[in-house]
file work-v4.tsv (TSV, C-alpha atoms (C1' of nucleotides))
chain	number	residue	atom	x	y	z
A	161	MET	CA	-14.99	8.56	-3.92
A	162	HIS	CA	-14.12	9.59	-7.46
A	163	SER	CA	-13.93	13.20	-8.61
A	164	LYS	CA	-17.22	12.98	-10.45
A	165	GLU	CA	-19.01	11.61	-7.42
A	166	ILE	CA	-17.75	14.55	-5.45
A	167	PHE	CA	-18.90	16.96	-8.13
A	168	ASN	CA	-22.30	15.28	-8.13
A	169	ILE	CA	-22.63	15.68	-4.39
A	170	VAL	CA	-21.82	19.37	-4.64
A	171	LYS	CA	-24.35	19.83	-7.41
A	172	ALA	CA	-27.04	17.81	-5.67
A	173	ARG	CA	-26.51	19.73	-2.46
A	174	ARG	CA	-26.74	23.07	-4.22
A	175	GLU	CA	-29.95	22.02	-5.93
A	176	SER	CA	-31.46	20.69	-2.74
A	177	LEU	CA	-30.85	24.10	-1.21
A	178	ASN	CA	-32.45	25.82	-4.23
A	179	VAL	CA	-29.41	27.93	-4.93
A	180	THR	CA	-28.27	28.93	-8.41
A	181	GLN	CA	-24.70	28.49	-9.61
A	182	GLU	CA	-24.36	32.25	-9.64
A	183	THR	CA	-25.46	32.62	-6.03
A	184	LEU	CA	-23.20	29.80	-4.88
A	185	ALA	CA	-20.32	31.42	-6.73
A	186	GLN	CA	-20.91	34.64	-4.79
A	187	LEU	CA	-21.42	32.94	-1.44
A	188	SER	CA	-18.39	30.71	-1.76
A	189	GLY	CA	-15.97	33.07	-3.43
A	190	VAL	CA	-15.36	30.58	-6.22
A	191	ALA	CA	-15.71	32.00	-9.70
A	192	LEU	CA	-18.85	31.12	-11.62
A	193	ARG	CA	-16.79	29.82	-14.53
A	194	THR	CA	-14.97	27.46	-12.20
A	195	LEU	CA	-18.12	26.16	-10.56
A	196	LYS	CA	-19.71	25.52	-13.96
A	197	GLN	CA	-16.71	23.42	-14.91
A	198	PHE	CA	-17.13	21.13	-11.94
A	199	GLU	CA	-20.86	20.70	-12.28
A	200	SER	CA	-20.43	19.69	-15.90
A	201	GLY	CA	-18.06	16.97	-14.77
A	202	LYS	CA	-14.75	18.56	-15.73
A	203	GLY	CA	-11.79	19.90	-13.84
A	204	ASN	CA	-9.51	19.07	-10.98
A	205	PRO	CA	-10.21	21.44	-8.09
A	206	THR	CA	-7.69	22.38	-5.46
A	207	LEU	CA	-8.49	21.42	-1.88
A	208	GLN	CA	-9.05	25.09	-1.09
A	209	THR	CA	-11.62	25.48	-3.85
A	210	LEU	CA	-13.45	22.34	-2.73
A	211	GLN	CA	-13.47	23.64	0.82
A	212	LYS	CA	-14.86	27.02	-0.20
A	213	LEU	CA	-17.76	25.32	-1.92
A	214	GLY	CA	-18.19	22.97	1.00
A	215	ASP	CA	-18.26	25.82	3.50
A	216	ALA	CA	-21.00	27.57	1.56
A	217	LEU	CA	-23.05	24.41	1.19
A	218	GLY	CA	-22.62	22.85	4.61
A	219	LEU	CA	-20.44	20.09	3.25
A	220	GLU	CA	-17.14	18.91	4.64
A	221	VAL	CA	-14.14	17.45	2.85
A	222	THR	CA	-12.72	14.57	4.85
A	223	VAL	CA	-10.12	11.86	4.52
A	224	ILE	CA	-11.04	8.50	5.99
A	225	ILE	CA	-9.36	5.13	6.29
A	226	LYS	CA	-10.72	2.46	3.97
A	227	ASN	CA	-11.56	-1.07	5.06
A	228	ARG	CA	-12.51	-0.13	8.60
A	229	GLY	CA	-13.14	-3.81	9.38
A	230	ILE	CA	-9.64	-4.94	8.52
A	231	ASN	CA	-7.42	-2.05	9.58
A	232	ALA	CA	-7.33	-0.64	13.07
B	36	MET	CA	-11.57	19.22	8.23
B	37	HIS	CA	-8.88	21.81	7.63
B	38	SER	CA	-6.04	21.36	5.15
B	39	LYS	CA	-3.52	20.76	7.88
B	40	GLU	CA	-5.63	18.09	9.50
B	41	ILE	CA	-5.76	16.33	6.17
B	42	PHE	CA	-2.01	16.60	5.77
B	43	ASN	CA	-1.57	15.21	9.25
B	44	ILE	CA	-3.76	12.23	8.48
B	45	VAL	CA	-1.74	11.47	5.36
B	46	LYS	CA	1.50	11.74	7.27
B	47	ALA	CA	0.26	9.67	10.20
B	48	ARG	CA	-1.04	7.00	7.89
B	49	ARG	CA	2.23	6.82	5.99
B	50	GLU	CA	4.17	6.49	9.23
B	51	SER	CA	1.82	3.85	10.62
B	52	LEU	CA	2.53	1.84	7.48
B	53	ASN	CA	6.28	2.36	7.93
B	54	VAL	CA	6.72	3.83	4.48
B	55	THR	CA	9.20	6.57	3.65
B	56	GLN	CA	8.26	9.72	1.77
B	57	GLU	CA	10.36	8.49	-1.12
B	58	THR	CA	8.55	5.17	-1.32
B	59	LEU	CA	5.16	6.80	-1.06
B	60	ALA	CA	6.15	9.20	-3.81
B	61	GLN	CA	6.97	6.27	-6.07
B	62	LEU	CA	3.89	4.26	-5.16
B	63	SER	CA	1.50	7.16	-5.56
B	64	GLY	CA	3.02	8.87	-8.57
B	65	VAL	CA	3.21	12.16	-6.67
B	66	ALA	CA	6.59	13.86	-6.79
B	67	LEU	CA	8.73	13.64	-3.68
B	68	ARG	CA	9.08	17.42	-3.57
B	69	THR	CA	5.31	17.81	-3.62
B	70	LEU	CA	4.76	15.26	-0.88
B	71	LYS	CA	7.36	16.91	1.32
B	72	GLN	CA	5.53	20.21	0.98
B	73	PHE	CA	2.31	18.73	2.31
B	74	GLU	CA	3.88	16.89	5.21
B	75	SER	CA	5.58	20.07	6.32
B	76	GLY	CA	2.18	21.74	6.44
B	77	LYS	CA	2.36	23.81	3.28
B	78	GLY	CA	0.59	23.75	-0.04
B	79	ASN	CA	-2.83	23.40	-1.56
B	80	PRO	CA	-3.09	20.05	-3.30
B	81	THR	CA	-5.41	19.33	-6.18
B	82	LEU	CA	-8.08	16.70	-5.66
B	83	GLN	CA	-6.22	14.42	-8.03
B	84	THR	CA	-3.01	14.67	-6.03
B	85	LEU	CA	-4.85	13.98	-2.78
B	86	GLN	CA	-6.52	10.99	-4.35
B	87	LYS	CA	-3.24	9.59	-5.63
B	88	LEU	CA	-1.82	9.72	-2.13
B	89	GLY	CA	-5.03	8.31	-0.72
B	90	ASP	CA	-5.04	5.41	-3.16
B	91	ALA	CA	-1.52	4.47	-2.19
B	92	LEU	CA	-2.24	4.72	1.54
B	93	GLY	CA	-5.70	3.16	1.70
B	94	LEU	CA	-7.31	6.50	2.44
B	95	GLU	CA	-10.38	7.93	0.77
B	96	VAL	CA	-11.28	11.54	0.09
B	97	THR	CA	-14.97	12.07	0.77
B	98	VAL	CA	-17.47	14.90	0.99
B	99	ILE	CA	-20.06	14.60	3.72
B	100	ILE	CA	-22.99	16.68	4.88
B	101	LYS	CA	-22.40	18.58	8.12
B	102	ASN	CA	-24.86	18.70	11.00
B	103	ARG	CA	-26.32	15.28	10.34
B	104	GLY	CA	-28.71	15.75	13.24
B	105	ILE	CA	-30.30	18.89	11.88
B	106	ASN	CA	-30.32	18.42	8.12
B	107	ALA	CA	-31.95	15.50	6.37
C	187	DA	C1'	-44.60	31.27	-28.45
C	188	DT	C1'	-41.34	34.08	-26.28
C	189	DA	C1'	-38.98	36.66	-22.87
C	190	DT	C1'	-36.04	35.61	-18.92
C	191	DA	C1'	-33.27	33.03	-16.00
C	192	DA	C1'	-30.12	29.48	-15.46
C	193	DA	C1'	-26.70	26.48	-17.10
C	194	DG	C1'	-23.03	25.05	-20.40
C	195	DT	C1'	-18.76	26.09	-23.59
C	196	DG	C1'	-14.52	28.13	-26.22
C	197	DC	C1'	-10.75	31.08	-25.72
C	198	DA	C1'	-7.14	33.67	-23.39
C	199	DG	C1'	-4.43	35.69	-19.32
C	200	DT	C1'	-2.55	35.11	-14.71
C	201	DG	C1'	-1.06	32.87	-10.92
C	202	DA	C1'	-0.10	28.90	-8.43
C	203	DA	C1'	0.40	23.65	-8.14
C	204	DA	C1'	3.50	20.10	-9.56
C	205	DA	C1'	7.93	18.79	-10.32
C	206	DG	C1'	13.20	18.56	-10.69
C	207	DC	C1'	17.67	19.68	-8.66
C	208	DA	C1'	20.89	20.72	-5.26
C	209	DC	C1'	21.57	21.43	-0.66
C	210	DT	C1'	20.85	21.46	4.65
C	211	DT	C1'	18.95	19.58	8.74
C	212	DT	C1'	17.25	15.95	11.46
C	213	DT	C1'	16.66	11.12	12.68
C	214	DT	C1'	18.21	6.49	13.11
C	215	DA	C1'	21.57	2.75	13.53
C	216	DA	C1'	25.94	0.91	13.83
D	225	DT	C1'	30.31	9.45	17.74
D	226	DT	C1'	29.48	9.16	13.25
D	227	DA	C1'	27.95	7.30	8.82
D	228	DA	C1'	23.62	6.61	6.39
D	229	DA	C1'	18.87	7.31	5.77
D	230	DA	C1'	15.09	10.14	5.92
D	231	DA	C1'	13.05	14.51	6.02
D	232	DG	C1'	12.99	19.53	5.13
D	233	DT	C1'	14.09	23.92	2.15
D	234	DG	C1'	15.35	27.43	-1.67
D	235	DC	C1'	15.31	28.11	-6.42
D	236	DT	C1'	13.60	27.28	-10.97
D	237	DT	C1'	10.69	25.53	-14.85
D	238	DT	C1'	6.58	23.66	-16.67
D	239	DT	C1'	2.03	22.65	-16.46
D	240	DC	C1'	-2.59	23.60	-15.44
D	241	DA	C1'	-6.26	25.50	-12.07
D	242	DC	C1'	-8.69	29.67	-11.68
D	243	DT	C1'	-10.73	33.41	-13.69
D	244	DG	C1'	-13.08	36.80	-16.95
D	245	DC	C1'	-15.46	37.57	-21.19
D	246	DA	C1'	-18.41	36.52	-24.76
D	247	DC	C1'	-21.46	33.42	-26.60
D	248	DT	C1'	-24.77	29.21	-27.05
D	249	DT	C1'	-27.97	26.02	-25.20
D	250	DT	C1'	-31.44	24.60	-22.11
D	251	DA	C1'	-35.13	25.41	-18.45
D	252	DT	C1'	-38.75	28.14	-16.56
D	253	DA	C1'	-42.15	30.96	-16.44
D	254	DT	C1'	-45.65	34.36	-18.58
call {"tool": "encode", "arguments": {"input": "work-v4.tsv", "output": "C-alpha cells"}}
result
Amino acid sequence: MHSKEIFNIVKARRESLNVTQETLAQLSGVALRTLKQFESGKGNPTLQTLQKLGDALGLEVTVIIKNRGINA
Amino acid sequence: MHSKEIFNIVKARRESLNVTQETLAQLSGVALRTLKQFESGKGNPTLQTLQKLGDALGLEVTVIIKNRGINA
DNA sequence: ATATAAAGTGCAGTGAAAAGCACTTTTTAA
DNA sequence: TTAAAAAGTGCTTTTCACTGCACTTTATAT
C-alpha cells in the first residue's frame, strides 16, 4: 500500500462519513494544514499522525505479511 | 494496532528471517541508529521509514476499516 | 449571479524524526 | 571463560514533519 493509497483511503473515509476537513482536524487533533497536505497527495506523516486520523475515522493502521500463500 | 505492536512485528519478522539489525539497515536504507530505536520500543517513525523497513522484510503497511461487521 | 462553505497553497517557525559517532551491555560461539 | 558479534544508549547535527497564518481556488447552496 503506497502513501497515496493510504491518503486516498483516509479521504474517502472522511467523505463517506460526511465530515469536513476542519471537523476531522478538530476530532483527531491533527492540524488542518497537515490534513490538507495529505488529502492533496503530499507529505510523509508520522505513524502517530496517521493513527490520530485513523482513530477519529474508525480506521486502523496495520502491518501485515505479504505473500500469505508462500510464507508461513 | 499500537506503535509498539508494529515495532514488535518488524522485530519478529527480522528475527524470523535471521537478519541482523545492521543488515536490515543496509537493505532497507534506514539508518542503524533509527532501527535500533524502534526495536527497543521508542520512536515515532514516518510512513516512509516504516515502508522502507516493510519493503525489505516483506511486510506491508495498510489502513483498514474497523468493525467490519457493523460498518459497510 | 453571488454569498458562503469547503478545500487547496505559499511561506515561515518550532520541534522532533533521521542519522552519525562513540560507547556500553548483552548474546552467541569457540 | 572469553573473544566476537549483535544489540542497546547518550549525545549531537541535520533534515523535515507539524503547525499557524494569510491567501486563492473550487464547491455548494440561495
call {"tool": "atom_distance", "arguments": {"input": "work-v4.tsv", "atom1": "atom CA of B:Pro80", "atom2": "atom CA of A:Thr206"}}
result
5.6 Å
call {"tool": "residues_around", "arguments": {"input": "work-v4.tsv", "residues": "D:DT233", "least_positions_apart": "2", "cutoff": "12 Å", "atoms": "only C-alpha atoms (C1' of nucleotides)", "output": "list in words"}}
result
Arg68, Lys71, Gln72, Ser75 and Lys77 of chain B; DA208, DC209, DT210 and DT211 of chain C; DA231 and DC235 of chain D
call {"tool": "residues_around", "arguments": {"input": "work-v4.tsv", "residues": "D:DT238", "least_positions_apart": "2", "cutoff": "10 Å", "atoms": "all atoms listed in the file", "output": "mmCIF file with C-alpha atoms (C1' of nucleotides), in the coordinates of the input"}}
result
data_model
loop_
_atom_site.group_PDB
_atom_site.id
_atom_site.type_symbol
_atom_site.label_atom_id
_atom_site.label_comp_id
_atom_site.auth_asym_id
_atom_site.auth_seq_id
_atom_site.Cartn_x
_atom_site.Cartn_y
_atom_site.Cartn_z
ATOM 1 C "C1'" DA C 204 3.500 20.100 -9.560
ATOM 2 C "C1'" DA C 205 7.930 18.790 -10.320
ATOM 3 C "C1'" DT D 236 13.600 27.280 -10.970
ATOM 4 C "C1'" DC D 240 -2.590 23.600 -15.440
#
call {"tool": "atom_distance", "arguments": {"input": "work-v4.tsv", "atom1": "atom CA of A:Leu207", "atom2": "atom CA of B:Gln86"}}
result
10.9 Å
call {"tool": "atom_distance", "arguments": {"input": "work-v4.tsv", "atom1": "atom CA of A:Leu184", "atom2": "atom CA of B:Phe42"}}
result
27.1 Å
call {"tool": "closest_atom_pairs", "arguments": {"input": "work-v4.tsv", "of": "chain A", "to": "chain B", "cutoff": "8 Å", "atoms": "all atoms listed in the file", "output": "JSON lines"}}
result
{"residue": "A:Met161", "atom": "CA", "partner": "B:Thr97", "partner_atom": "CA", "distance": 5.9}
{"residue": "A:Ser163", "atom": "CA", "partner": "B:Leu82", "partner_atom": "CA", "distance": 7.4}
{"residue": "A:Ile166", "atom": "CA", "partner": "B:Val98", "partner_atom": "CA", "distance": 6.5}
{"residue": "A:Ile169", "atom": "CA", "partner": "B:Val98", "partner_atom": "CA", "distance": 7.5}
{"residue": "A:Asn204", "atom": "CA", "partner": "B:Leu82", "partner_atom": "CA", "distance": 6.0}
{"residue": "A:Pro205", "atom": "CA", "partner": "B:Thr81", "partner_atom": "CA", "distance": 5.6}
{"residue": "A:Thr206", "atom": "CA", "partner": "B:Thr81", "partner_atom": "CA", "distance": 3.9}
{"residue": "A:Leu207", "atom": "CA", "partner": "B:Thr81", "partner_atom": "CA", "distance": 5.7}
{"residue": "A:Gln208", "atom": "CA", "partner": "B:Asn79", "partner_atom": "CA", "distance": 6.5}
{"residue": "A:Gly218", "atom": "CA", "partner": "B:Lys101", "partner_atom": "CA", "distance": 5.5}
{"residue": "A:Leu219", "atom": "CA", "partner": "B:Ile100", "partner_atom": "CA", "distance": 4.6}
{"residue": "A:Glu220", "atom": "CA", "partner": "B:Ile99", "partner_atom": "CA", "distance": 5.3}
{"residue": "A:Val221", "atom": "CA", "partner": "B:Val98", "partner_atom": "CA", "distance": 4.6}
{"residue": "A:Thr222", "atom": "CA", "partner": "B:Thr97", "partner_atom": "CA", "distance": 5.3}
{"residue": "A:Val223", "atom": "CA", "partner": "B:Val96", "partner_atom": "CA", "distance": 4.6}
{"residue": "A:Ile224", "atom": "CA", "partner": "B:Glu95", "partner_atom": "CA", "distance": 5.3}
{"residue": "A:Ile225", "atom": "CA", "partner": "B:Leu94", "partner_atom": "CA", "distance": 4.6}
{"residue": "A:Lys226", "atom": "CA", "partner": "B:Leu94", "partner_atom": "CA", "distance": 5.5}
{"residue": "A:Asn227", "atom": "CA", "partner": "B:Gly93", "partner_atom": "CA", "distance": 8.0}
call {"tool": "closest_atom_pairs", "arguments": {"input": "work-v4.tsv", "of": "chain D", "to": "chain A", "cutoff": "7 Å", "atoms": "only C-alpha atoms (C1' of nucleotides)", "output": "CSV"}}
result
residue,atom,partner,partner_atom,distance
D:DA241,C1',A:Pro205,CA,6.9
D:DC242,C1',A:Thr194,CA,6.7
D:DT243,C1',A:Ala191,CA,6.5
call {"tool": "closest_atom_pairs", "arguments": {"input": "work-v4.tsv", "of": "chain C", "to": "chain A", "cutoff": "8 Å", "atoms": "all atoms listed in the file", "output": "Markdown table"}}
result
| residue | atom | partner | partner_atom | distance |
| --- | --- | --- | --- | --- |
| C:DA192 | C1' | A:Thr180 | CA | 7.3 |
| C:DA193 | C1' | A:Lys196 | CA | 7.7 |
| C:DG194 | C1' | A:Lys196 | CA | 7.3 |
call {"tool": "residues_around", "arguments": {"input": "work-v4.tsv", "residues": "B:Ala91", "least_positions_apart": "5", "cutoff": "10 Å", "atoms": "all atoms listed in the file", "output": "PyMOL selection string"}}
result
chain B and resi 49+59-64+86
call {"tool": "build_atoms", "arguments": {"input": "work-v4.tsv", "residues": "stretch 54-78 of chain B", "atoms": "N, CA, C and O atoms", "output": "compact mmCIF listing (two decimals), keeping the file's coordinate frame"}}
result
# COMPACT_ATOMS: atom_id res chain seq x y z
N VAL B 54 6.33 3.54 5.85
CA VAL B 54 6.72 3.83 4.48
C VAL B 54 7.42 5.18 4.47
O VAL B 54 6.98 6.11 5.15
N THR B 55 8.51 5.29 3.72
CA THR B 55 9.20 6.57 3.65
C THR B 55 8.49 7.48 2.63
O THR B 55 7.71 7.02 1.80
N GLN B 56 8.81 8.77 2.73
CA GLN B 56 8.26 9.72 1.77
C GLN B 56 8.63 9.29 0.36
O GLN B 56 7.82 9.38 -0.57
N GLU B 57 9.87 8.88 0.20
CA GLU B 57 10.36 8.49 -1.12
C GLU B 57 9.56 7.33 -1.69
O GLU B 57 9.16 7.35 -2.85
N THR B 58 9.33 6.32 -0.85
CA THR B 58 8.55 5.17 -1.32
C THR B 58 7.12 5.57 -1.67
O THR B 58 6.58 5.17 -2.70
N LEU B 59 6.53 6.36 -0.80
CA LEU B 59 5.16 6.80 -1.06
C LEU B 59 5.10 7.61 -2.35
O LEU B 59 4.15 7.49 -3.14
N ALA B 60 6.10 8.41 -2.58
CA ALA B 60 6.15 9.20 -3.81
C ALA B 60 6.12 8.27 -5.02
O ALA B 60 5.35 8.48 -5.97
N GLN B 61 6.93 7.22 -4.96
CA GLN B 61 6.97 6.27 -6.07
C GLN B 61 5.64 5.53 -6.23
O GLN B 61 5.12 5.43 -7.33
N LEU B 62 5.13 5.05 -5.12
CA LEU B 62 3.89 4.26 -5.16
C LEU B 62 2.71 5.08 -5.66
O LEU B 62 1.85 4.59 -6.39
N SER B 63 2.67 6.33 -5.26
CA SER B 63 1.50 7.16 -5.56
C SER B 63 1.61 7.89 -6.90
O SER B 63 0.60 8.27 -7.49
N GLY B 64 2.85 8.09 -7.35
CA GLY B 64 3.02 8.87 -8.57
C GLY B 64 3.04 10.36 -8.31
O GLY B 64 3.01 11.16 -9.24
N VAL B 65 3.09 10.74 -7.03
CA VAL B 65 3.21 12.16 -6.67
C VAL B 65 4.69 12.45 -6.41
O VAL B 65 5.37 11.65 -5.77
N ALA B 66 5.16 13.55 -6.92
CA ALA B 66 6.59 13.86 -6.79
C ALA B 66 7.00 14.00 -5.33
O ALA B 66 6.23 14.50 -4.50
N LEU B 67 8.23 13.56 -5.05
CA LEU B 67 8.73 13.64 -3.68
C LEU B 67 8.66 15.07 -3.16
O LEU B 67 8.25 15.32 -2.03
N ARG B 68 9.08 16.01 -3.99
CA ARG B 68 9.08 17.42 -3.57
C ARG B 68 7.69 17.89 -3.16
O ARG B 68 7.52 18.66 -2.21
N THR B 69 6.71 17.42 -3.88
CA THR B 69 5.31 17.81 -3.62
C THR B 69 4.83 17.21 -2.30
O THR B 69 4.24 17.90 -1.48
N LEU B 70 5.14 15.94 -2.11
CA LEU B 70 4.76 15.26 -0.88
C LEU B 70 5.39 15.92 0.34
O LEU B 70 4.73 16.15 1.36
N LYS B 71 6.66 16.27 0.21
CA LYS B 71 7.36 16.91 1.32
C LYS B 71 6.67 18.21 1.72
O LYS B 71 6.55 18.53 2.91
N GLN B 72 6.23 18.96 0.72
CA GLN B 72 5.53 20.21 0.98
C GLN B 72 4.33 19.98 1.90
O GLN B 72 4.13 20.69 2.87
N PHE B 73 3.52 18.98 1.54
CA PHE B 73 2.31 18.73 2.31
C PHE B 73 2.64 18.33 3.74
O PHE B 73 2.04 18.84 4.70
N GLU B 74 3.58 17.42 3.88
CA GLU B 74 3.88 16.89 5.21
C GLU B 74 4.54 17.93 6.10
O GLU B 74 4.55 17.80 7.31
N SER B 75 5.07 18.98 5.48
CA SER B 75 5.58 20.07 6.32
C SER B 75 4.55 21.19 6.42
O SER B 75 4.89 22.32 6.76
N GLY B 76 3.29 20.85 6.14
CA GLY B 76 2.18 21.74 6.44
C GLY B 76 1.89 22.82 5.43
O GLY B 76 1.06 23.71 5.66
N LYS B 77 2.56 22.76 4.28
CA LYS B 77 2.36 23.81 3.28
C LYS B 77 1.66 23.27 2.03
O LYS B 77 1.65 22.08 1.79
N GLY B 78 1.13 24.15 1.24
CA GLY B 78 0.59 23.75 -0.04
C GLY B 78 -0.91 23.63 -0.09
O GLY B 78 -1.60 23.68 0.94
